[in-house]
Amino acid sequence: MQITTAGLGKRFQRDWIFRGLTRTFRPGSATAVLGPNGAGKSTLLNTLSGQLLPTDGTVTYTVAGRAVAVEDVPQHLAYAAPYLELLEELTLLELLQFHTRFKPLRPLVTLDKLIGLMYLERGRHQLVREFSSGMKQRLKLGLALYADAPLLLLDEPTTNLDATGVAWYQEHVQATKAGRTLLLSSNVPAEYAFCDEQLLVTDYQKPTA
Ligand SMILES: Nc1ncnc2c1ncn2[C@@H]1O[C@H](COP(=O)(O)OP(=O)(O)OP(=O)(O)O)[C@@H](O)[C@H]1O
């Protein structure tokens with residue numbers, strides 16, 4: 001999916017979180033959205049993906065050269081973020097069966113294969129509520145990375161992961177990023193070192209005349 005912004009800005013009440021963003025995000029690119037805590041990284045990701053309405057400017061989407069309306073962007077989007085909730089009252093298998101009904105997996109990735117890729121075999125029939133925070137994060141990432149979606153948003157992807165989990169993330173993001181438009185918000189170099197582009201939110205917070 002190609003995302004093109006022109007003069008994009010978002011304001012909450014009187015505060016501009018960012019403004020004046022004119023940029024194209026192309027398929028096959030991975031962009032790290034950087035900035036200190038509270039700078040507006042999540043707000044920018046959510047505005048770029050159409051989940052928040054911009055206050056100013058425009059954002060347009062195309063897939064294979066065809067325009068996509070903002071209300072149809074969720075069909076093309078896979079998203080992992082600390083604030084996205086899992087259906088914790090389901091077992092892992094039930095959650096995957098439910099989730100993949102509306103967000104199918106990439107071709108050749110079965111539920112069994114995904115459970116193996118996430119190293120969650122022992123949790124197959126366990127309630128997700130009982131998972132450790134690292135297991136939940138691997139689950140969120142596995143669902144996003146292996147979704148059949150051309151737009152991939154990763155908000156602070158190594159939250160709650162230990163060193164083994166970070167290595168797991170790095171391996172699987174590399175394995176699944178080809179051809180996608182990847183936007184990643186981060187403060188942690190190990191999360192975004194592979195990204196070929198960077199966007200510093202604070203560059204879009206300078207006062208304008
Ligand atoms: N719905 C909202 N209404 C009002 N203000 C909001 C809303 N969402 C976020 N903000 C404010 O926007 C600013 C940017 O928040 P945001 O979560 O985008 O930052 P961030 O860079 O992702 O932060 P962090 O690194 O801590 O996750 C903060 O001051 C936050 O309080």
# chains A, B, ... in the order shown; residues from 1 in each chain; ligands from 1
call {"tool": "residues_near_ligand", "arguments": {"ligand": "ligand 1", "cutoff": "8 Å", "atoms": "only C-alpha atoms and all ligand atoms", "output": "VMD selection string"}}
result
chain A and resid 12 to 13 17 34 to 44 155 to 156 185 to 187 201
call {"tool": "write_last_selection", "arguments": {"atoms": "N, CA and C atoms", "output": "PDB file, in the first residue's frame"}}
result
ATOM      1  N   PHE A  12      -4.878  18.004  19.072  1.00  0.00           N
ATOM      2  CA  PHE A  12      -5.815  17.650  20.133  1.00  0.00           C
ATOM      3  C   PHE A  12      -6.078  18.937  20.912  1.00  0.00           C
ATOM      4  N   GLN A  13      -7.345  19.323  21.009  1.00  0.00           N
ATOM      5  CA  GLN A  13      -7.699  20.610  21.603  1.00  0.00           C
ATOM      6  C   GLN A  13      -6.825  21.717  20.973  1.00  0.00           C
ATOM      7  N   ILE A  17      -0.016  18.173  17.509  1.00  0.00           N
ATOM      8  CA  ILE A  17       0.884  17.057  17.799  1.00  0.00           C
ATOM      9  C   ILE A  17       1.939  16.982  16.683  1.00  0.00           C
ATOM     10  N   LEU A  34      10.168   8.161  14.985  1.00  0.00           N
ATOM     11  CA  LEU A  34      10.968   8.322  16.205  1.00  0.00           C
ATOM     12  C   LEU A  34      10.596   9.601  16.946  1.00  0.00           C
ATOM     13  N   GLY A  35      10.892   9.598  18.240  1.00  0.00           N
ATOM     14  CA  GLY A  35      10.637  10.790  19.058  1.00  0.00           C
ATOM     15  C   GLY A  35      10.516  10.380  20.501  1.00  0.00           C
ATOM     16  N   PRO A  36      10.733  11.316  21.418  1.00  0.00           N
ATOM     17  CA  PRO A  36      10.651  10.976  22.843  1.00  0.00           C
ATOM     18  C   PRO A  36       9.229  10.616  23.273  1.00  0.00           C
ATOM     19  N   ASN A  37       9.095  10.103  24.487  1.00  0.00           N
ATOM     20  CA  ASN A  37       7.773   9.776  25.033  1.00  0.00           C
ATOM     21  C   ASN A  37       6.851  10.975  24.896  1.00  0.00           C
ATOM     22  N   GLY A  38       5.650  10.707  24.429  1.00  0.00           N
ATOM     23  CA  GLY A  38       4.649  11.755  24.326  1.00  0.00           C
ATOM     24  C   GLY A  38       4.823  12.668  23.128  1.00  0.00           C
ATOM     25  N   ALA A  39       5.806  12.376  22.262  1.00  0.00           N
ATOM     26  CA  ALA A  39       6.062  13.262  21.119  1.00  0.00           C
ATOM     27  C   ALA A  39       4.932  13.200  20.099  1.00  0.00           C
ATOM     28  N   GLY A  40       4.259  12.050  20.021  1.00  0.00           N
ATOM     29  CA  GLY A  40       3.176  11.938  19.044  1.00  0.00           C
ATOM     30  C   GLY A  40       3.354  10.797  18.055  1.00  0.00           C
ATOM     31  N   LYS A  41       4.204   9.833  18.371  1.00  0.00           N
ATOM     32  CA  LYS A  41       4.465   8.728  17.437  1.00  0.00           C
ATOM     33  C   LYS A  41       3.192   7.899  17.189  1.00  0.00           C
ATOM     34  N   SER A  42       2.526   7.518  18.277  1.00  0.00           N
ATOM     35  CA  SER A  42       1.312   6.702  18.102  1.00  0.00           C
ATOM     36  C   SER A  42       0.232   7.505  17.389  1.00  0.00           C
ATOM     37  N   THR A  43       0.130   8.785  17.722  1.00  0.00           N
ATOM     38  CA  THR A  43      -0.861   9.645  17.063  1.00  0.00           C
ATOM     39  C   THR A  43      -0.583   9.713  15.561  1.00  0.00           C
ATOM     40  N   LEU A  44       0.685   9.816  15.206  1.00  0.00           N
ATOM     41  CA  LEU A  44       1.051   9.872  13.786  1.00  0.00           C
ATOM     42  C   LEU A  44       0.710   8.550  13.091  1.00  0.00           C
ATOM     43  N   ASP A 155       3.777  -0.654  16.760  1.00  0.00           N
ATOM     44  CA  ASP A 155       3.983   0.401  17.754  1.00  0.00           C
ATOM     45  C   ASP A 155       4.760  -0.220  18.911  1.00  0.00           C
ATOM     46  N   GLU A 156       5.977   0.261  19.136  1.00  0.00           N
ATOM     47  CA  GLU A 156       6.850  -0.245  20.204  1.00  0.00           C
ATOM     48  C   GLU A 156       6.867  -1.779  20.246  1.00  0.00           C
ATOM     49  N   SER A 185       6.810   2.607  15.253  1.00  0.00           N
ATOM     50  CA  SER A 185       7.128   3.671  16.209  1.00  0.00           C
ATOM     51  C   SER A 185       8.008   3.107  17.310  1.00  0.00           C
ATOM     52  N   SER A 186       9.017   3.854  17.683  1.00  0.00           N
ATOM     53  CA  SER A 186       9.999   3.272  18.587  1.00  0.00           C
ATOM     54  C   SER A 186      10.847   4.321  19.286  1.00  0.00           C
ATOM     55  N   ASN A 187      11.414   3.882  20.411  1.00  0.00           N
ATOM     56  CA  ASN A 187      12.491   4.611  21.086  1.00  0.00           C
ATOM     57  C   ASN A 187      13.713   3.723  21.240  1.00  0.00           C
ATOM     58  N   VAL A 201       9.297  12.798  14.635  1.00  0.00           N
ATOM     59  CA  VAL A 201       8.036  13.547  14.827  1.00  0.00           C
ATOM     60  C   VAL A 201       8.323  14.993  15.193  1.00  0.00           C
TER      61      VAL A 201
END
call {"tool": "select_by_dssp", "arguments": {"residues": "region 36-93 of chain A", "states": "alpha helix (DSSP H)", "output": "PyMOL selection string"}}
result
chain A and resi 41-48+92-93
call {"tool": "residues_around", "arguments": {"residues": "Val68 (chain A)", "least_positions_apart": "2", "cutoff": "12 Å", "atoms": "only C-alpha atoms", "output": "PyMOL selection string"}}
result
chain A and resi 1-4+49-50+59-66+70-77
call {"tool": "closest_residue", "arguments": {"among": "A:Thr158, A:Thr202, A:Glu85, A:Ala78", "to": "Tyr146 (chain A)", "atoms": "only C-alpha atoms"}}
result
A:Ala78
call {"tool": "residues_around", "arguments": {"residues": "Pro27 (chain A)", "least_positions_apart": "6", "cutoff": "8 Å", "atoms": "only C-alpha atoms", "output": "VMD selection string"}}
result
chain A and resid 1 to 2 150 179 to 182
call {"tool": "write_last_selection", "arguments": {"atoms": "N, CA and C atoms", "output": "PDB file, in the first residue's frame"}}
result
ATOM      1  N   MET A   1       0.841  -1.200   0.000  1.00  0.00           N
ATOM      2  CA  MET A   1       0.000   0.000   0.000  1.00  0.00           C
ATOM      3  C   MET A   1       0.876   1.250   0.000  1.00  0.00           C
ATOM      4  N   GLN A   2       0.547   2.174  -0.878  1.00  0.00           N
ATOM      5  CA  GLN A   2       1.259   3.455  -0.861  1.00  0.00           C
ATOM      6  C   GLN A   2       0.415   4.481  -0.104  1.00  0.00           C
ATOM      7  N   PRO A 150      -0.992  -5.665   3.347  1.00  0.00           N
ATOM      8  CA  PRO A 150       0.153  -4.942   2.782  1.00  0.00           C
ATOM      9  C   PRO A 150       0.647  -3.773   3.626  1.00  0.00           C
ATOM     10  N   GLY A 179       7.929  -6.246   0.394  1.00  0.00           N
ATOM     11  CA  GLY A 179       6.773  -5.807  -0.380  1.00  0.00           C
ATOM     12  C   GLY A 179       5.738  -5.035   0.416  1.00  0.00           C
ATOM     13  N   ARG A 180       5.894  -5.000   1.735  1.00  0.00           N
ATOM     14  CA  ARG A 180       4.894  -4.307   2.555  1.00  0.00           C
ATOM     15  C   ARG A 180       5.320  -2.860   2.818  1.00  0.00           C
ATOM     16  N   THR A 181       4.360  -2.069   3.238  1.00  0.00           N
ATOM     17  CA  THR A 181       4.663  -0.736   3.743  1.00  0.00           C
ATOM     18  C   THR A 181       4.678  -0.865   5.251  1.00  0.00           C
ATOM     19  N   LEU A 182       5.849  -0.673   5.822  1.00  0.00           N
ATOM     20  CA  LEU A 182       5.987  -0.902   7.265  1.00  0.00           C
ATOM     21  C   LEU A 182       6.250   0.431   7.961  1.00  0.00           C
TER      22      LEU A 182
END
call {"tool": "closest_residue", "arguments": {"among": "A:Leu8, A:Val166, A:Ala144, A:Leu200", "to": "Leu114 (chain A)", "atoms": "only C-alpha atoms"}}
result
A:Ala144
call {"tool": "residues_around", "arguments": {"residues": "His172 (chain A)", "least_positions_apart": "5", "cutoff": "9 Å", "atoms": "only C-alpha atoms", "output": "number ranges by chain"}}
result
A: 117, 142, 145-146, 167, 177
call {"tool": "write_last_selection", "arguments": {"atoms": "C-alpha atoms", "output": "compact mmCIF listing (two decimals), in the first residue's frame"}}
result
# COMPACT_ATOMS: atom_id res chain seq x y z
CA LEU A 117 6.40 -19.80 14.67
CA GLY A 142 2.72 -13.00 15.24
CA LEU A 145 3.50 -10.05 11.00
CA TYR A 146 1.80 -13.11 9.52
CA ALA A 167 15.88 -11.79 18.52
CA LYS A 177 8.52 -7.29 5.53
call {"tool": "residues_around", "arguments": {"residues": "region 88-97 of chain A", "least_positions_apart": "5", "cutoff": "10 Å", "atoms": "only C-alpha atoms", "output": "ChimeraX atom specification"}}
result
/A:102-105,111-112,114-115,120-131,136,139,143
call {"tool": "closest_residue", "arguments": {"among": "A:Leu161, A:Leu108, A:Leu151, A:Leu84", "to": "Gly28 (chain A)", "atoms": "only C-alpha atoms"}}
result
A:Leu151
call {"tool": "closest_residue", "arguments": {"among": "A:Gln174, A:Gln137, A:Thr24, A:Ser132", "to": "Thr58 (chain A)", "atoms": "only C-alpha atoms"}}
result
A:Thr24
call {"tool": "residues_around", "arguments": {"residues": "Leu21 (chain A)", "least_positions_apart": "2", "cutoff": "7 Å", "atoms": "only C-alpha atoms", "output": "VMD selection string"}}
result
chain A and resid 5 to 9 19 23 204
call {"tool": "write_last_selection", "arguments": {"atoms": "N, CA and C atoms", "output": "PDB file, in the first residue's frame"}}
result
ATOM      1  N   THR A   5       0.906  11.691   1.934  1.00  0.00           N
ATOM      2  CA  THR A   5       0.339  12.761   2.750  1.00  0.00           C
ATOM      3  C   THR A   5       0.733  14.115   2.161  1.00  0.00           C
ATOM      4  N   ALA A   6      -0.148  15.082   2.358  1.00  0.00           N
ATOM      5  CA  ALA A   6       0.142  16.455   1.929  1.00  0.00           C
ATOM      6  C   ALA A   6      -0.286  17.395   3.041  1.00  0.00           C
ATOM      7  N   GLY A   7       0.682  18.058   3.638  1.00  0.00           N
ATOM      8  CA  GLY A   7       0.380  19.035   4.698  1.00  0.00           C
ATOM      9  C   GLY A   7      -0.379  18.440   5.864  1.00  0.00           C
ATOM     10  N   LEU A   8      -0.094  17.167   6.176  1.00  0.00           N
ATOM     11  CA  LEU A   8      -0.883  16.466   7.194  1.00  0.00           C
ATOM     12  C   LEU A   8      -0.583  17.009   8.596  1.00  0.00           C
ATOM     13  N   GLY A   9      -1.640  17.219   9.364  1.00  0.00           N
ATOM     14  CA  GLY A   9      -1.466  17.700  10.727  1.00  0.00           C
ATOM     15  C   GLY A   9      -2.558  17.153  11.630  1.00  0.00           C
ATOM     16  N   ARG A  19       2.408  18.767  12.361  1.00  0.00           N
ATOM     17  CA  ARG A  19       1.738  19.454  11.243  1.00  0.00           C
ATOM     18  C   ARG A  19       2.721  19.631  10.097  1.00  0.00           C
ATOM     19  N   ARG A  23       4.705  13.613   2.552  1.00  0.00           N
ATOM     20  CA  ARG A  23       5.630  12.489   2.390  1.00  0.00           C
ATOM     21  C   ARG A  23       4.909  11.320   1.722  1.00  0.00           C
ATOM     22  N   TYR A 204       8.228  17.908  12.862  1.00  0.00           N
ATOM     23  CA  TYR A 204       6.928  18.436  12.395  1.00  0.00           C
ATOM     24  C   TYR A 204       6.185  19.135  13.530  1.00  0.00           C
TER      25      TYR A 204
END
call {"tool": "decode", "arguments": {"residues": "region 144-207 of chain A", "atoms": "C-alpha atoms", "output": "compact mmCIF listing (two decimals), in the first residue's frame"}}
result
# COMPACT_ATOMS: atom_id res chain seq x y z
CA ALA A 144 0.34 -8.78 12.70
CA LEU A 145 3.50 -10.05 11.00
CA TYR A 146 1.80 -13.11 9.52
CA ALA A 147 -1.45 -11.36 8.52
CA ASP A 148 -2.06 -11.13 4.80
CA ALA A 149 -2.00 -7.32 4.83
CA PRO A 150 0.15 -4.94 2.78
CA LEU A 151 0.26 -2.23 5.48
CA LEU A 152 2.02 -3.20 8.70
CA LEU A 153 2.07 -0.90 11.75
CA LEU A 154 4.21 -1.84 14.70
CA ASP A 155 3.98 0.40 17.75
CA GLU A 156 6.85 -0.24 20.20
CA PRO A 157 7.15 -3.86 19.01
CA THR A 158 9.62 -5.19 21.59
CA THR A 159 7.57 -4.06 24.62
CA ASN A 160 7.73 -6.86 27.23
CA LEU A 161 10.14 -8.99 25.20
CA ASP A 162 13.34 -10.39 26.72
CA ALA A 163 16.56 -10.78 24.69
CA THR A 164 15.35 -14.04 23.11
CA GLY A 165 12.05 -12.38 22.26
CA VAL A 166 13.81 -9.41 20.67
CA ALA A 167 15.88 -11.79 18.52
CA TRP A 168 12.64 -13.62 17.60
CA TYR A 169 11.04 -10.30 16.57
CA GLN A 170 14.06 -9.31 14.47
CA GLU A 171 14.05 -12.65 12.64
CA HIS A 172 10.33 -12.62 11.92
CA VAL A 173 10.04 -8.96 10.91
CA GLN A 174 12.83 -9.59 8.38
CA ALA A 175 11.02 -12.70 7.12
CA THR A 176 7.71 -10.88 6.56
CA LYS A 177 8.52 -7.29 5.53
CA ALA A 178 9.19 -7.74 1.80
CA GLY A 179 6.77 -5.81 -0.38
CA ARG A 180 4.89 -4.31 2.56
CA THR A 181 4.66 -0.74 3.74
CA LEU A 182 5.99 -0.90 7.26
CA LEU A 183 5.62 1.91 9.80
CA LEU A 184 7.19 1.39 13.18
CA SER A 185 7.13 3.67 16.21
CA SER A 186 10.00 3.27 18.59
CA ASN A 187 12.49 4.61 21.09
CA VAL A 188 14.65 1.49 20.98
CA PRO A 189 17.37 1.18 18.30
CA ALA A 190 17.22 -2.65 18.33
CA GLU A 191 13.60 -2.41 17.16
CA TYR A 192 14.15 -0.19 14.17
CA ALA A 193 17.78 -0.75 13.08
CA PHE A 194 16.59 -2.55 9.93
CA CYS A 195 14.37 0.35 8.81
CA ASP A 196 15.56 2.13 5.67
CA GLU A 197 13.82 5.42 6.49
CA GLN A 198 13.32 7.52 9.60
CA LEU A 199 10.74 10.16 10.47
CA LEU A 200 11.38 12.32 13.50
CA VAL A 201 8.04 13.55 14.83
CA THR A 202 9.67 16.57 16.43
CA ASP A 203 10.64 17.80 12.93
CA TYR A 204 6.93 18.44 12.39
CA GLN A 205 6.36 20.34 15.62
CA LYS A 206 8.16 23.51 14.77
CA PRO A 207 5.99 26.62 14.93
